[in-house]
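Written below as structure tokens is the structure these notes are about.
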Amino acid sequence: HEHPMPNDRVSTVAGQLQQCIACVYPFGMRPGIITADVIRLRPDRNVVSVDWLALFVNSDAARRQVRAITGGVTRPKITLKDFRSVLVALPTLDEQERINAMLAGAVARISSEEDFCDKLKKLKQGLMHDLLTGRVRVPVPEEVMV
């Protein structure tokens with residue numbers, strides 16, 4: 001078996017819902033074992049950024065290619081040979097890095113907005129509890145009372 005190393009990208013090859021989901025093999029992890037359901041991605045870094053490769057493997061463009069390869073079977077699975085036939089868009093390394101940076105910024109913004117939304121939901125729950133238990137009274141305008 002091959003071992004993924006830190007900064008490698010690994011991708012699934014089988015799954016009921018989705019094949020070819022790529023992620024980083026994190027620094028600090030002990031060496032893992034590549035099983036039959038995982039592909040190690042270790043590209044030529046003079047041609048493609050590992051982050052770009054993972055981003056592309058997770059893109060709709062790659063997923064459409066994988067669906068075309070695995071279409072019509074009850075347990076979708078892509079072979080290493082088939083995986084190697086997936087065409088990868090290759091902008092220049094500089095452009096790959098700029099795209100990765102923009103995406104990282106967007107992901108950070110989404111995460112921040114989701115955190116803020118969660119805080120607002122908790123505040124709403126607390127206010128609703130206060131209103132429903134009568135702890136806080138809601139003034140009702142006179143025209144509504146008539």
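Letters A, B, ... mark the chains of the structure tokens in the order given; residue numbers begin at 1 per chain; ligand numbers begin at 1, in order shown.
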Requested in this report: Within range 3-144 of chain A, find each residue whose DSSP state, derived from the backbone, is helix (DSSP H, G or I), and express the selection as a PyMOL selection string.
Outcome: chain A and resi 50-57+60-70+80-84+93-132+142-144
Requested in this report: Do a neighbour search on Val88 in chain A at 8 Å with only C-alpha atoms, toss out local chain neighbours closer than 6 positions, and write the hits as a PyMOL selection string.
Outcome: chain A and resi 53+56-57+62
Please, could you write that set of residues out with all heavy atoms as a tab-separated table (two decimals), in the first residue's frame?
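Ended up saving to result-v1.tsv:
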```
chain	number	residue	atom	x	y	z
A	53	LEU	N	-5.77	21.39	-7.68
A	53	LEU	CA	-6.20	20.05	-8.08
A	53	LEU	C	-7.38	19.60	-7.23
A	53	LEU	O	-8.38	19.09	-7.75
A	53	LEU	CB	-5.05	19.05	-7.99
A	53	LEU	CG	-5.37	17.64	-8.48
A	53	LEU	CD1	-5.87	17.66	-9.92
A	53	LEU	CD2	-4.16	16.75	-8.34
A	56	PHE	N	-10.41	21.55	-8.25
A	56	PHE	CA	-10.97	21.11	-9.52
A	56	PHE	C	-11.66	19.75	-9.39
A	56	PHE	O	-12.74	19.55	-9.94
A	56	PHE	CB	-9.90	21.04	-10.62
A	56	PHE	CG	-10.52	20.76	-11.95
A	56	PHE	CD1	-11.10	21.79	-12.68
A	56	PHE	CD2	-10.60	19.47	-12.45
A	56	PHE	CE1	-11.73	21.54	-13.89
A	56	PHE	CE2	-11.22	19.21	-13.66
A	56	PHE	CZ	-11.79	20.25	-14.39
A	57	VAL	N	-11.06	18.82	-8.65
A	57	VAL	CA	-11.68	17.50	-8.48
A	57	VAL	C	-13.06	17.65	-7.82
A	57	VAL	O	-13.98	16.90	-8.12
A	57	VAL	CB	-10.77	16.55	-7.67
A	57	VAL	CG1	-11.51	15.29	-7.24
A	57	VAL	CG2	-9.54	16.19	-8.49
A	62	ALA	N	-15.50	18.40	-13.05
A	62	ALA	CA	-14.94	17.07	-12.80
A	62	ALA	C	-16.05	16.07	-12.48
A	62	ALA	O	-16.03	14.93	-12.94
A	62	ALA	CB	-13.92	17.11	-11.67
```
Hey, which bits of range 72-146 of chain A sit within 12 Å of range 32-42 of chain A, and for each residue what's the closest pair of atoms and how far apart in Å (one decimal), counting only C-alpha atoms, rows by chain and increasing number, as a tab-separated table?
```
residue	atom	partner	partner_atom	distance
A:Pro76	CA	A:Asp37	CA	11.3
A:Lys77	CA	A:Asp37	CA	8.4
A:Ile78	CA	A:Asp37	CA	9.0
A:Thr79	CA	A:Asp37	CA	9.2
A:Leu80	CA	A:Ile39	CA	7.2
A:Lys81	CA	A:Ile39	CA	10.9
A:Asp82	CA	A:Ile39	CA	11.6
A:Phe83	CA	A:Ile39	CA	8.8
A:Arg84	CA	A:Leu41	CA	10.4
```
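Of the residues listed (A:Ala108, A:Val140, A:Lys122, A:Thr92), A:Thr92 shows the shortest atom-to-atom separation from Arg45 in chain A; distances use only C-alpha atoms.
Interatomic distance, CA of Ile21 in chain A to CA of Asn58 in chain A: 5.7 Å.
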Requested in this report: Enumerate, as a ChimeraX atom specification, the complete set of residues in range 2-139 of chain A that a backbone-based DSSP assignment places in strand (DSSP E or B).
Outcome: /A:9-12,14,22-24,38-41,77
Pull all heavy atoms from the residues just selected and write them as a short mmCIF file (atom, residue, chain, number, x, y, z; two decimals), in the first residue's frame.
```
data_model
loop_
_atom_site.label_atom_id
_atom_site.label_comp_id
_atom_site.auth_asym_id
_atom_site.auth_seq_id
_atom_site.Cartn_x
_atom_site.Cartn_y
_atom_site.Cartn_z
N ARG A 9 -3.12 15.27 -1.59
CA ARG A 9 -4.57 15.31 -1.68
C ARG A 9 -5.02 13.88 -1.89
O ARG A 9 -4.36 13.11 -2.59
CB ARG A 9 -5.04 16.17 -2.85
CG ARG A 9 -4.64 17.64 -2.75
CD ARG A 9 -5.22 18.25 -1.48
NE ARG A 9 -4.92 19.66 -1.34
CZ ARG A 9 -3.94 20.13 -0.59
NH1 ARG A 9 -3.13 19.32 0.06
NH2 ARG A 9 -3.78 21.42 -0.45
N VAL A 10 -6.11 13.52 -1.25
CA VAL A 10 -6.67 12.19 -1.44
C VAL A 10 -8.09 12.35 -1.95
O VAL A 10 -8.76 13.33 -1.66
CB VAL A 10 -6.62 11.33 -0.14
CG1 VAL A 10 -5.20 11.01 0.24
CG2 VAL A 10 -7.34 12.02 1.00
N SER A 11 -8.56 11.38 -2.70
CA SER A 11 -9.89 11.44 -3.27
C SER A 11 -10.55 10.08 -3.13
O SER A 11 -9.91 9.05 -3.27
CB SER A 11 -9.80 11.82 -4.75
OG SER A 11 -11.09 11.84 -5.33
N THR A 12 -11.85 10.10 -2.87
CA THR A 12 -12.61 8.86 -2.81
C THR A 12 -12.86 8.36 -4.22
O THR A 12 -12.90 9.14 -5.16
CB THR A 12 -13.96 9.06 -2.10
OG1 THR A 12 -14.72 10.02 -2.85
CG2 THR A 12 -13.78 9.51 -0.68
N ALA A 14 -15.35 5.67 -4.59
CA ALA A 14 -16.66 5.03 -4.56
C ALA A 14 -17.54 5.75 -3.56
O ALA A 14 -17.06 6.45 -2.68
CB ALA A 14 -16.53 3.56 -4.14
N ALA A 22 -12.26 15.29 -3.08
CA ALA A 22 -10.85 15.46 -2.75
C ALA A 22 -10.70 16.31 -1.49
O ALA A 22 -11.48 17.23 -1.25
CB ALA A 22 -10.10 16.11 -3.90
N CYS A 23 -9.70 15.98 -0.70
CA CYS A 23 -9.38 16.78 0.49
C CYS A 23 -7.88 16.68 0.76
O CYS A 23 -7.20 15.84 0.21
CB CYS A 23 -10.19 16.31 1.70
SG CYS A 23 -9.77 14.65 2.24
N VAL A 24 -7.41 17.54 1.65
CA VAL A 24 -5.99 17.55 2.00
C VAL A 24 -5.71 16.50 3.06
O VAL A 24 -6.54 16.25 3.92
CB VAL A 24 -5.57 18.94 2.50
CG1 VAL A 24 -6.27 19.31 3.78
CG2 VAL A 24 -4.08 19.03 2.69
N VAL A 38 -9.63 4.81 -2.17
CA VAL A 38 -8.97 6.11 -2.08
C VAL A 38 -7.87 6.21 -3.13
O VAL A 38 -7.16 5.24 -3.40
CB VAL A 38 -8.36 6.32 -0.67
CG1 VAL A 38 -7.59 7.63 -0.59
CG2 VAL A 38 -9.45 6.28 0.40
N ILE A 39 -7.76 7.37 -3.73
CA ILE A 39 -6.68 7.65 -4.67
C ILE A 39 -5.82 8.77 -4.08
O ILE A 39 -6.35 9.78 -3.63
CB ILE A 39 -7.23 8.10 -6.04
CG1 ILE A 39 -8.03 6.99 -6.69
CG2 ILE A 39 -6.10 8.57 -6.95
CD1 ILE A 39 -8.75 7.42 -7.96
N ARG A 40 -4.50 8.57 -4.09
CA ARG A 40 -3.59 9.63 -3.66
C ARG A 40 -3.28 10.50 -4.87
O ARG A 40 -2.94 10.00 -5.93
CB ARG A 40 -2.29 9.05 -3.12
CG ARG A 40 -1.35 10.16 -2.62
CD ARG A 40 0.04 9.68 -2.40
NE ARG A 40 0.61 9.34 -3.71
CZ ARG A 40 1.66 8.56 -3.86
NH1 ARG A 40 2.25 8.02 -2.84
NH2 ARG A 40 2.12 8.29 -5.06
N LEU A 41 -3.40 11.80 -4.70
CA LEU A 41 -3.09 12.75 -5.77
C LEU A 41 -1.80 13.47 -5.39
O LEU A 41 -1.76 14.19 -4.41
CB LEU A 41 -4.22 13.77 -5.92
CG LEU A 41 -5.64 13.21 -6.06
CD1 LEU A 41 -6.65 14.33 -6.05
CD2 LEU A 41 -5.75 12.38 -7.32
N LYS A 77 -18.45 3.55 -8.95
CA LYS A 77 -17.05 3.48 -8.54
C LYS A 77 -16.21 3.85 -9.75
O LYS A 77 -16.50 3.42 -10.86
CB LYS A 77 -16.68 2.09 -8.04
CG LYS A 77 -15.27 1.99 -7.50
CD LYS A 77 -15.04 0.65 -6.83
CE LYS A 77 -13.65 0.65 -6.21
NZ LYS A 77 -13.43 -0.48 -5.36
#
```
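Interatomic distance, CA of Leu90 in chain A to CA of Trp52 in chain A: 8.8 Å.
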Report task. State, in Å with one decimal place, the distance from CA of Pro91 in chain A to CA of Ala104 in chain A. Result -> 17.6 Å
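In terms of minimum interatomic distance to Ala68 in chain A, A:Val86 ranks closest within A:Leu55, A:Val138, A:Val86, A:Val48, counting only C-alpha atoms.
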